[in-house]
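K.L.:
query26.cif (mmCIF, C-alpha atoms) pasted underneath:
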data_work
#
loop_
_atom_site.label_atom_id
_atom_site.label_comp_id
_atom_site.auth_asym_id
_atom_site.auth_seq_id
_atom_site.Cartn_x
_atom_site.Cartn_y
_atom_site.Cartn_z
CA MET A 494 -15.21 -35.26 -61.36
CA LEU A 495 -13.83 -31.76 -61.72
CA MET A 496 -15.17 -30.78 -65.08
CA ALA A 497 -18.69 -32.04 -64.59
CA VAL A 498 -21.13 -29.26 -65.34
CA ALA A 499 -23.47 -27.97 -62.70
CA SER A 500 -26.50 -30.08 -61.98
CA PRO A 501 -29.94 -28.60 -62.46
CA VAL A 502 -30.93 -26.23 -59.69
CA PRO A 503 -32.87 -28.14 -57.06
CA VAL A 504 -36.34 -27.06 -56.06
CA GLU A 505 -36.07 -23.70 -54.33
CA ARG A 506 -36.28 -24.04 -50.60
CA ASN A 507 -36.39 -21.41 -47.91
CA TRP A 508 -32.67 -21.04 -47.68
CA ILE A 509 -32.74 -17.99 -45.46
CA ASP A 510 -34.80 -19.75 -42.80
CA ALA A 511 -32.75 -22.92 -43.01
CA LEU A 512 -29.41 -21.11 -42.85
CA SER A 513 -30.65 -18.96 -39.98
CA ALA A 514 -31.91 -21.95 -37.99
CA GLU A 515 -29.93 -23.83 -35.41
CA GLY A 516 -28.61 -27.34 -35.09
CA TYR A 517 -29.16 -30.04 -37.67
CA GLU A 518 -31.38 -27.98 -39.98
CA ARG A 519 -28.69 -25.32 -40.35
CA ASP A 520 -25.88 -27.85 -40.72
CA GLU A 521 -27.80 -29.63 -43.45
CA ALA A 522 -28.53 -26.35 -45.27
CA ILE A 523 -24.89 -25.34 -45.10
CA ALA A 524 -23.77 -28.69 -46.49
CA ASP A 525 -26.30 -28.46 -49.33
CA LEU A 526 -25.28 -24.89 -50.09
CA HIS A 527 -21.62 -25.88 -50.17
CA ASP A 528 -22.47 -28.61 -52.69
CA LEU A 529 -24.15 -26.02 -54.93
CA LEU A 530 -21.21 -23.64 -54.62
CA LEU A 531 -18.72 -26.38 -55.39
CA ARG A 532 -20.60 -27.31 -58.55
CA ALA A 533 -20.64 -23.67 -59.63
CA ALA A 534 -16.91 -23.27 -58.90
CA ARG A 535 -16.11 -26.42 -60.91
CA PHE A 536 -18.29 -25.12 -63.72
CA GLU A 537 -16.38 -21.82 -63.82
CA ILE A 538 -12.96 -23.46 -63.65
CA GLY A 539 -14.00 -25.83 -66.43
CA ARG A 540 -15.01 -22.86 -68.60
CA ARG A 541 -11.67 -21.15 -68.02
CA ARG A 542 -9.55 -24.27 -68.24
CA ALA A 543 -7.75 -23.12 -71.37
CA ALA A 544 -6.02 -20.47 -69.26
CA LEU A 545 -4.83 -23.20 -66.90
CA SER A 546 -3.72 -25.87 -69.35
CA HIS A 547 -0.45 -26.22 -67.42
CA VAL A 548 -2.19 -26.87 -64.09
CA ARG A 549 -2.84 -30.40 -62.84
CA GLY A 550 -6.39 -31.62 -62.28
CA GLU A 551 -5.76 -32.12 -58.58
CA GLU A 552 -4.82 -28.46 -58.20
CA LEU A 553 -7.87 -27.40 -60.18
CA GLU A 554 -10.02 -29.36 -57.75
CA ASP A 555 -8.25 -27.60 -54.86
CA LEU A 556 -9.00 -24.24 -56.49
CA ALA A 557 -12.67 -25.19 -56.82
CA THR A 558 -12.86 -26.29 -53.19
CA GLN A 559 -11.16 -23.11 -51.95
CA ALA A 560 -13.54 -21.02 -54.07
CA ALA A 561 -16.58 -22.85 -52.68
CA ASP A 562 -15.29 -22.52 -49.12
CA ASP A 563 -14.69 -18.78 -49.44
CA ALA A 564 -17.99 -18.24 -51.23
CA LEU A 565 -19.79 -20.00 -48.39
CA VAL A 566 -18.12 -17.79 -45.79
CA ALA A 567 -19.01 -14.66 -47.78
CA ILE A 568 -22.62 -15.74 -48.22
CA LEU A 569 -23.12 -16.51 -44.54
CA ALA A 570 -21.65 -13.12 -43.65
CA LYS A 571 -23.93 -11.33 -46.14
CA LEU A 572 -27.08 -13.37 -45.64
CA HIS A 573 -28.86 -10.36 -44.16
CA THR A 574 -28.27 -8.40 -47.38
CA PHE A 575 -30.18 -10.84 -49.58
CA ARG A 576 -33.20 -8.85 -50.71
CA GLY A 577 -34.91 -11.37 -52.95
CA ALA A 578 -34.28 -9.60 -56.26
CA SER A 579 -33.44 -13.05 -57.67
CA ARG A 580 -33.73 -16.64 -56.52
CA PHE A 581 -31.47 -17.36 -53.61
CA THR A 582 -29.50 -19.91 -55.60
CA THR A 583 -28.79 -17.36 -58.36
CA TRP A 584 -27.63 -14.91 -55.73
CA ALA A 585 -25.41 -17.58 -54.16
CA TYR A 586 -23.93 -18.81 -57.44
CA LYS A 587 -22.43 -15.45 -58.22
CA PHE A 588 -20.26 -15.67 -55.10
CA ALA A 589 -18.83 -19.01 -56.22
CA LEU A 590 -18.27 -17.78 -59.79
CA LEU A 591 -16.48 -14.69 -58.49
CA GLU A 592 -14.22 -16.68 -56.17
CA ALA A 593 -13.43 -19.26 -58.83
CA GLY A 594 -12.85 -16.65 -61.54
CA VAL A 595 -10.47 -14.66 -59.38
CA ARG A 596 -8.50 -17.81 -58.57
CA VAL A 597 -8.28 -18.82 -62.23
CA ARG A 598 -7.02 -15.40 -63.31
CA ARG A 599 -4.47 -15.17 -60.51
CA ARG A 600 -3.24 -18.72 -61.05
CA ALA A 601 -2.89 -18.12 -64.79
CA TRP A 602 -0.76 -15.04 -64.11
CA GLN A 603 1.31 -16.55 -61.32
CA GLY A 604 4.96 -15.76 -61.97
CA ARG A 605 4.24 -13.39 -64.84
CA LYS A 606 5.50 -9.83 -64.75
CA VAL A 607 2.93 -7.05 -64.67
CA VAL A 608 4.16 -3.99 -66.55
CA LEU A 609 2.83 -0.77 -65.09
CA GLU A 610 4.97 1.93 -66.61
CA PRO A 611 4.88 3.55 -70.03
CA GLU A 612 8.12 1.74 -70.78
CA SER A 613 5.64 -0.77 -72.08
CA TRP A 614 4.92 1.39 -75.10
CA PRO A 615 5.94 -1.50 -77.32
CA SER A 616 2.74 -3.21 -76.22
CA PHE A 617 0.90 -0.03 -77.14
CA GLU A 618 2.51 -0.23 -80.54
CA ASP A 619 1.52 -3.87 -80.79
CA SER A 620 -2.07 -2.77 -80.42
CA ARG A 621 -1.86 -0.47 -83.41
CA PRO A 622 -4.65 -0.73 -85.93
CA PRO A 623 -3.73 -2.60 -89.09
CA VAL A 624 -2.07 -0.63 -91.88
CA GLU A 625 -5.20 -0.88 -93.99
CA ALA A 626 -7.06 1.10 -91.32
CA GLY A 627 -5.28 4.13 -92.77
CA PRO A 628 -3.36 7.19 -91.56
CA GLU A 629 -6.36 8.53 -89.66
CA ALA A 630 -6.29 5.56 -87.30
CA THR A 631 -2.55 5.91 -86.79
CA GLU A 632 -2.98 9.60 -86.01
CA LEU A 633 -5.74 8.80 -83.55
CA LEU A 634 -3.57 6.29 -81.76
CA GLY A 635 -0.77 8.86 -81.64
CA ALA A 636 -3.13 11.37 -80.06
CA LEU A 637 -4.21 8.76 -77.55
CA LYS A 638 -0.62 7.98 -76.68
CA ARG A 639 0.09 11.68 -76.11
CA ALA A 640 -2.97 12.01 -73.93
CA VAL A 641 -1.94 8.99 -71.85
CA CYS A 642 1.48 10.55 -71.30
CA GLU A 643 0.37 14.13 -70.70
CA ASP A 644 -3.15 14.11 -69.25
CA LEU A 645 -3.31 11.17 -66.88
CA THR A 646 -2.00 11.15 -63.33
CA PRO A 647 0.86 8.69 -62.72
CA HIS A 648 -1.52 6.28 -60.99
CA GLN A 649 -4.10 6.53 -63.77
CA ARG A 650 -1.33 5.96 -66.33
CA ARG A 651 -0.09 2.82 -64.55
CA VAL A 652 -3.59 1.41 -64.23
CA PHE A 653 -4.51 2.22 -67.83
CA THR A 654 -1.23 0.76 -69.07
CA ALA A 655 -1.74 -2.48 -67.19
CA LEU A 656 -5.47 -3.02 -67.70
CA ALA A 657 -6.26 -1.48 -71.08
CA LEU A 658 -2.96 -1.73 -72.95
CA ASN A 659 -1.46 -4.88 -71.51
CA GLU A 660 -4.76 -6.59 -70.65
CA VAL A 661 -3.65 -7.63 -67.19
CA PRO A 662 -6.68 -9.14 -65.39
CA ILE A 663 -8.03 -6.65 -62.89
CA ASP A 664 -7.89 -9.14 -60.00
CA VAL A 665 -4.23 -9.80 -60.70
CA LEU A 666 -3.43 -6.11 -60.65
CA ALA A 667 -5.51 -5.61 -57.50
CA GLU A 668 -3.48 -8.30 -55.74
CA ARG A 669 -0.13 -6.87 -56.88
CA LEU A 670 -1.08 -3.32 -55.87
CA ASP A 671 -2.84 -4.42 -52.68
CA THR A 672 -6.11 -2.79 -53.63
CA THR A 673 -9.58 -3.84 -54.77
CA ARG A 674 -11.16 -4.51 -58.12
CA GLY A 675 -13.68 -1.73 -57.51
CA ALA A 676 -11.03 0.86 -56.72
CA LEU A 677 -8.98 -0.07 -59.77
CA TYR A 678 -11.95 0.02 -62.07
CA LYS A 679 -12.88 3.46 -60.78
CA THR A 680 -9.35 4.66 -61.64
CA LEU A 681 -9.57 3.05 -65.08
CA HIS A 682 -12.98 4.58 -65.69
CA ASP A 683 -11.76 8.05 -64.73
CA ALA A 684 -8.68 7.65 -66.93
CA ARG A 685 -10.77 6.55 -69.88
CA ALA A 686 -13.15 9.49 -69.41
CA LYS A 687 -10.22 11.89 -69.33
CA LEU A 688 -8.71 10.38 -72.49
CA ARG A 689 -12.03 10.39 -74.28
CA SER A 690 -12.55 14.04 -73.33
CA GLU A 691 -9.09 14.97 -74.58
CA LEU A 692 -9.61 13.18 -77.90
CA VAL A 693 -12.91 15.01 -78.35
CA ALA A 694 -11.29 18.36 -77.47
CA THR A 695 -8.52 17.81 -80.03
CA GLY A 696 -10.99 16.81 -82.72
CA HIS A 697 -9.96 13.17 -82.94
CA MET A 698 -13.28 11.82 -81.71
CA GLU A 699 -16.87 12.86 -81.74
CA GLU A 700 -18.56 13.43 -78.44
CA VAL A 701 -20.89 10.61 -77.47
CA SER A 702 -24.04 11.73 -75.76
CA SER A 703 -25.02 9.47 -72.88
CA MET B 568 -18.81 -0.84 -86.32
CA THR B 569 -15.53 -0.06 -88.05
CA GLU B 570 -12.23 -1.67 -87.17
CA ARG B 571 -11.01 1.67 -85.89
CA ASN B 572 -13.98 2.01 -83.57
CA ASP B 573 -13.55 -1.55 -82.30
CA HIS B 574 -9.94 -0.83 -81.50
CA LEU B 575 -10.67 2.41 -79.72
CA GLU B 576 -13.64 0.91 -77.89
CA ARG B 577 -11.40 -1.77 -76.45
CA LEU B 578 -8.95 0.79 -75.13
CA LEU B 579 -11.38 3.45 -73.97
CA GLY B 580 -14.31 1.31 -72.96
CA PRO B 581 -17.90 2.29 -73.60
CA ALA B 582 -19.10 5.85 -73.13
CA GLY B 583 -21.98 6.53 -70.81
CA PRO B 584 -22.90 5.73 -67.23
CA ASP B 585 -21.22 2.72 -65.71
CA ILE B 586 -22.23 1.22 -62.38
CA GLY B 587 -18.75 -0.03 -61.44
CA CYS B 588 -17.63 -3.41 -60.12
CA ASP B 589 -19.20 -3.29 -56.68
CA GLU B 590 -22.73 -2.52 -57.79
CA CYS B 591 -22.28 -4.87 -60.73
CA PHE B 592 -21.65 -7.74 -58.33
CA GLU B 593 -24.48 -6.65 -56.09
CA ARG B 594 -27.03 -6.70 -58.90
CA LEU B 595 -25.65 -9.32 -61.29
CA ASP B 596 -28.09 -12.03 -60.15
CA GLU B 597 -31.07 -9.72 -60.67
CA TYR B 598 -29.79 -8.61 -64.08
CA VAL B 599 -29.21 -12.15 -65.35
CA GLU B 600 -32.61 -13.35 -64.21
CA LEU B 601 -34.22 -10.41 -66.01
CA GLU B 602 -32.28 -11.31 -69.15
CA LEU B 603 -33.25 -14.97 -68.96
CA ARG B 604 -36.90 -14.04 -68.49
CA GLY B 605 -36.72 -11.89 -71.61
CA ALA B 606 -37.37 -8.73 -69.62
CA ASP B 607 -35.65 -5.40 -70.26
CA ALA B 608 -32.62 -6.01 -68.06
CA ASP B 609 -30.88 -2.81 -69.21
CA ALA B 610 -33.82 -0.73 -68.04
CA GLY B 611 -33.95 -2.69 -64.79
CA VAL B 612 -30.28 -2.15 -64.03
CA PRO B 613 -29.09 0.99 -65.88
CA GLY B 614 -25.35 1.18 -66.44
CA MET B 615 -24.85 -2.59 -66.17
CA ARG B 616 -24.49 -3.19 -69.92
CA GLU B 617 -21.80 -0.52 -70.18
CA HIS B 618 -19.93 -1.91 -67.21
CA LEU B 619 -19.95 -5.46 -68.56
CA ALA B 620 -18.53 -4.14 -71.84
CA GLY B 621 -15.79 -2.18 -70.08
CA CYS B 622 -14.74 -4.68 -67.41
CA PRO B 623 -13.59 -8.07 -68.74
CA ALA B 624 -13.64 -9.75 -65.31
CA CYS B 625 -17.23 -8.76 -64.56
CA GLY B 626 -18.09 -9.61 -68.16
CA GLU B 627 -16.78 -13.15 -67.66
CA GLU B 628 -18.80 -13.57 -64.48
CA HIS B 629 -21.91 -12.38 -66.27
CA GLU B 630 -21.38 -14.90 -69.07
CA SER B 631 -20.75 -17.68 -66.59
CA LEU B 632 -23.84 -16.99 -64.49
CA ARG B 633 -25.97 -16.92 -67.62
CA ALA B 634 -24.41 -20.17 -68.81
CA LEU B 635 -24.82 -21.84 -65.43
CA LEU B 636 -28.51 -20.97 -65.29
CA SER B 637 -29.30 -21.72 -68.95
#
Could you spell out this file's structure in structure tokens?

P.N.:
Amino acid sequence: MLMAVASPVPVERNWIDALSAEGYERDEAIADLHDLLLRAARFEIGRRRAALSHVRGEELEDLATQAADDALVAILAKLHTFRGASRFTTWAYKFALLEAGVRVRRRAWQGRKVVLEPESWPSFEDSRPPVEAGPEATELLGALKRAVCEDLTPHQRRVFTALALNEVPIDVLAERLDTTRGALYKTLHDARAKLRSELVATGHMEEVSS
Amino acid sequence: MTERNDHLERLLGPAGPDIGCDECFERLDEYVELELRGADADAGVPGMREHLAGCPACGEEHESLRALLS
């Protein structure tokens, strides 16, 4: 049943030894691990189901299976990096949640246009503070808009427009631009820092000490 | 927090050090177990809290791992 929640975590076993063994012991450990990953993937897809209300249950089950399969491959490839900072099952679950989450976001955005250019200023305007927030807020947003146009590089502007203004999921943008989540987030982070710095320099924001 | 600050926070993300998506994934399991044990997870993994606030995808994965283990 797709939307069944994850079962309680079984008693911790020595997963590293079992997955590093040979023959039946390894096969059994891999099968058990796949079961855990599939439950985690179903759990994640169930949590995000509202974003996929138009998708049939059979396809959701396929997404969960694909996520568990890919998580298993990633875990086996990275087994040597497990350093015991958490239980092995916690470490493993995050791979399944990542794979399932990425699939949900990409499936939800399948066929939707991703706007990257400042021609999408209407969406910026849509994000204006409410009128009752006062002229100061409107002025601040105007300063931000100017800074986006004048201070960001073209790539930073496209990434900021898509991720911050239009709330495109980062995995969707990474797929469309053939890059990674980490690289995009770095660009977004740099853009945000530049905008924050500009707003401080022009007196629209107070500097935040970190 | 004022409405104005909420709005700006959403666009600009949190100020301060941010570990980024790759290290976030690498240490998410450790961070969540610290949280669930009631330990000081933010001290254990500095910059994680800021990243989770600034990256919706990583934030969702954090919520899900917590929920799965709770």

K.L.:
Near chain A, meaning an atom within 7 Å, which residues of chain B appear when counting only C-alpha atoms? Write them as a list in words.

P.N.:
Arg571, His574, Leu578, Leu579, Ala582, Gly583, Gly587, Cys588, Asp589, Asp596, Glu597, Glu600, Ala624, Glu628, Ser631, Leu632 and Leu635 of chain B

K.L.:
Find the spatial neighbours of Asp585 in chain B, counting all atoms listed in the file, within a cut-off of 9 Å - ignore same-chain residues fewer than 5 positions away - and output them as a PDB file with C-alpha atoms, in the frame of the given file.

P.N.:
ATOM      1  CA  HIS A 682     -12.980   4.580 -65.690  1.00  0.00           C
TER       2      HIS A 682
ATOM      3  CA  PRO B 613     -29.090   0.990 -65.880  1.00  0.00           C
ATOM      4  CA  GLY B 614     -25.350   1.180 -66.440  1.00  0.00           C
ATOM      5  CA  MET B 615     -24.850  -2.590 -66.170  1.00  0.00           C
ATOM      6  CA  ARG B 616     -24.490  -3.190 -69.920  1.00  0.00           C
ATOM      7  CA  GLU B 617     -21.800  -0.520 -70.180  1.00  0.00           C
ATOM      8  CA  HIS B 618     -19.930  -1.910 -67.210  1.00  0.00           C
ATOM      9  CA  LEU B 619     -19.950  -5.460 -68.560  1.00  0.00           C
ATOM     10  CA  GLY B 621     -15.790  -2.180 -70.080  1.00  0.00           C
TER      11      GLY B 621
END

K.L.:
Using all atoms listed in the file, which of A:Arg576, A:His697, A:Arg669, A:Lys638 sits nearest Arg594 in chain B?

P.N.:
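Checking each candidate against Arg594 in chain B, we get A:Arg576 as the closest.
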
K.L.:
Using the chain letters and numbers from the file, which residues does the PyMOL selection byres ((chain A and resi 555) around 12) grab, as a short mmCIF file (atom, residue, chain, number, x, y, z; two decimals) with C-alpha atoms, keeping the file's coordinate frame?

P.N.:
data_model
loop_
_atom_site.label_atom_id
_atom_site.label_comp_id
_atom_site.auth_asym_id
_atom_site.auth_seq_id
_atom_site.Cartn_x
_atom_site.Cartn_y
_atom_site.Cartn_z
CA LEU A 495 -13.83 -31.76 -61.72
CA LEU A 531 -18.72 -26.38 -55.39
CA ALA A 534 -16.91 -23.27 -58.90
CA ARG A 535 -16.11 -26.42 -60.91
CA ILE A 538 -12.96 -23.46 -63.65
CA VAL A 548 -2.19 -26.87 -64.09
CA ARG A 549 -2.84 -30.40 -62.84
CA GLY A 550 -6.39 -31.62 -62.28
CA GLU A 551 -5.76 -32.12 -58.58
CA GLU A 552 -4.82 -28.46 -58.20
CA LEU A 553 -7.87 -27.40 -60.18
CA GLU A 554 -10.02 -29.36 -57.75
CA LEU A 556 -9.00 -24.24 -56.49
CA ALA A 557 -12.67 -25.19 -56.82
CA THR A 558 -12.86 -26.29 -53.19
CA GLN A 559 -11.16 -23.11 -51.95
CA ALA A 560 -13.54 -21.02 -54.07
CA ALA A 561 -16.58 -22.85 -52.68
CA ASP A 562 -15.29 -22.52 -49.12
CA ALA A 593 -13.43 -19.26 -58.83
CA ARG A 596 -8.50 -17.81 -58.57
CA VAL A 597 -8.28 -18.82 -62.23
CA ARG A 600 -3.24 -18.72 -61.05
#

K.L.:
As an exercise, work out the distance from CA of Cys642 in chain A to CA of Glu691 in chain A in Å and give it to one decimal place.

P.N.:
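Value for the CA of Cys642 in chain A-CA of Glu691 in chain A distance: 11.9 Å.
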
K.L.:
How many Å separate CA of Leu572 in chain A from CA of Asp528 in chain A?

P.N.:
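Computing it gives 17.4 Å between the two atoms.
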
K.L.:
Would you list the contacts of Ala620 in chain B as a PyMOL selection string, taking every protein, DNA or RNA residue within 8 Å and counting all atoms listed in the file, but skipping same-chain residues closer than 4 positions in sequence?

P.N.:
chain B and resi 580-581+616+626

K.L.:
What's the separation between CA of Asn659 in chain A and CA of Arg577 in chain B, in Å to one decimal place?

P.N.:
11.5 Å

K.L.:
Go through A:His547, A:Arg542, A:His527, A:Arg506 one by one, measure the shortest atom-to-atom distance of each to Ala564 in chain A using all atoms listed in the file, and give the residue with the smallest value.

P.N.:
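Of the candidates, the smallest distance to Ala564 in chain A is held by A:His527.
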
K.L.:
Could you add the missing atoms to range 571-595 of chain A, up to N, CA and C atoms, and return them as a tab-separated table (two decimals), keeping the file's coordinate frame?

P.N.:
chain	number	residue	atom	x	y	z
A	571	LYS	N	-23.08	-12.33	-45.47
A	571	LYS	CA	-23.93	-11.33	-46.14
A	571	LYS	C	-25.38	-11.78	-46.26
A	572	LEU	N	-25.74	-12.81	-45.54
A	572	LEU	CA	-27.08	-13.37	-45.64
A	572	LEU	C	-28.15	-12.30	-45.41
A	573	HIS	N	-27.88	-11.40	-44.49
A	573	HIS	CA	-28.86	-10.36	-44.16
A	573	HIS	C	-29.04	-9.36	-45.30
A	574	THR	N	-28.14	-9.36	-46.27
A	574	THR	CA	-28.27	-8.40	-47.38
A	574	THR	C	-29.07	-8.97	-48.54
A	575	PHE	N	-29.40	-10.25	-48.48
A	575	PHE	CA	-30.18	-10.84	-49.58
A	575	PHE	C	-31.57	-10.22	-49.58
A	576	ARG	N	-31.93	-9.58	-50.70
A	576	ARG	CA	-33.20	-8.85	-50.71
A	576	ARG	C	-34.22	-9.47	-51.65
A	577	GLY	N	-33.92	-10.66	-52.16
A	577	GLY	CA	-34.91	-11.37	-52.95
A	577	GLY	C	-35.12	-10.82	-54.35
A	578	ALA	N	-34.15	-10.10	-54.88
A	578	ALA	CA	-34.28	-9.60	-56.26
A	578	ALA	C	-34.11	-10.72	-57.28
A	579	SER	N	-33.57	-11.86	-56.83
A	579	SER	CA	-33.44	-13.05	-57.67
A	579	SER	C	-33.70	-14.25	-56.77
A	580	ARG	N	-33.67	-15.44	-57.36
A	580	ARG	CA	-33.73	-16.64	-56.52
A	580	ARG	C	-32.48	-16.68	-55.64
A	581	PHE	N	-32.61	-17.29	-54.52
A	581	PHE	CA	-31.47	-17.36	-53.61
A	581	PHE	C	-30.29	-18.09	-54.26
A	582	THR	N	-30.59	-19.14	-55.00
A	582	THR	CA	-29.50	-19.91	-55.60
A	582	THR	C	-28.74	-19.08	-56.64
A	583	THR	N	-29.47	-18.24	-57.39
A	583	THR	CA	-28.79	-17.36	-58.36
A	583	THR	C	-27.88	-16.39	-57.63
A	584	TRP	N	-28.42	-15.85	-56.55
A	584	TRP	CA	-27.63	-14.91	-55.73
A	584	TRP	C	-26.38	-15.61	-55.20
A	585	ALA	N	-26.54	-16.84	-54.75
A	585	ALA	CA	-25.41	-17.58	-54.16
A	585	ALA	C	-24.38	-17.97	-55.22
A	586	TYR	N	-24.87	-18.38	-56.39
A	586	TYR	CA	-23.93	-18.81	-57.44
A	586	TYR	C	-22.90	-17.74	-57.77
A	587	LYS	N	-23.36	-16.49	-57.77
A	587	LYS	CA	-22.43	-15.45	-58.22
A	587	LYS	C	-21.21	-15.35	-57.29
A	588	PHE	N	-21.40	-15.69	-56.02
A	588	PHE	CA	-20.26	-15.67	-55.10
A	588	PHE	C	-19.23	-16.75	-55.50
A	589	ALA	N	-19.73	-17.92	-55.84
A	589	ALA	CA	-18.83	-19.01	-56.22
A	589	ALA	C	-18.13	-18.70	-57.55
A	590	LEU	N	-18.88	-18.12	-58.49
A	590	LEU	CA	-18.27	-17.78	-59.79
A	590	LEU	C	-17.20	-16.71	-59.62
A	591	LEU	N	-17.48	-15.73	-58.75
A	591	LEU	CA	-16.48	-14.69	-58.49
A	591	LEU	C	-15.22	-15.31	-57.88
A	592	GLU	N	-15.38	-16.10	-56.84
A	592	GLU	CA	-14.22	-16.68	-56.17
A	592	GLU	C	-13.42	-17.57	-57.12
A	593	ALA	N	-14.13	-18.36	-57.90
A	593	ALA	CA	-13.43	-19.26	-58.83
A	593	ALA	C	-12.74	-18.46	-59.94
A	594	GLY	N	-13.43	-17.45	-60.46
A	594	GLY	CA	-12.85	-16.65	-61.54
A	594	GLY	C	-11.60	-15.92	-61.10
A	595	VAL	N	-11.65	-15.36	-59.90
A	595	VAL	CA	-10.47	-14.66	-59.38
A	595	VAL	C	-9.30	-15.64	-59.25
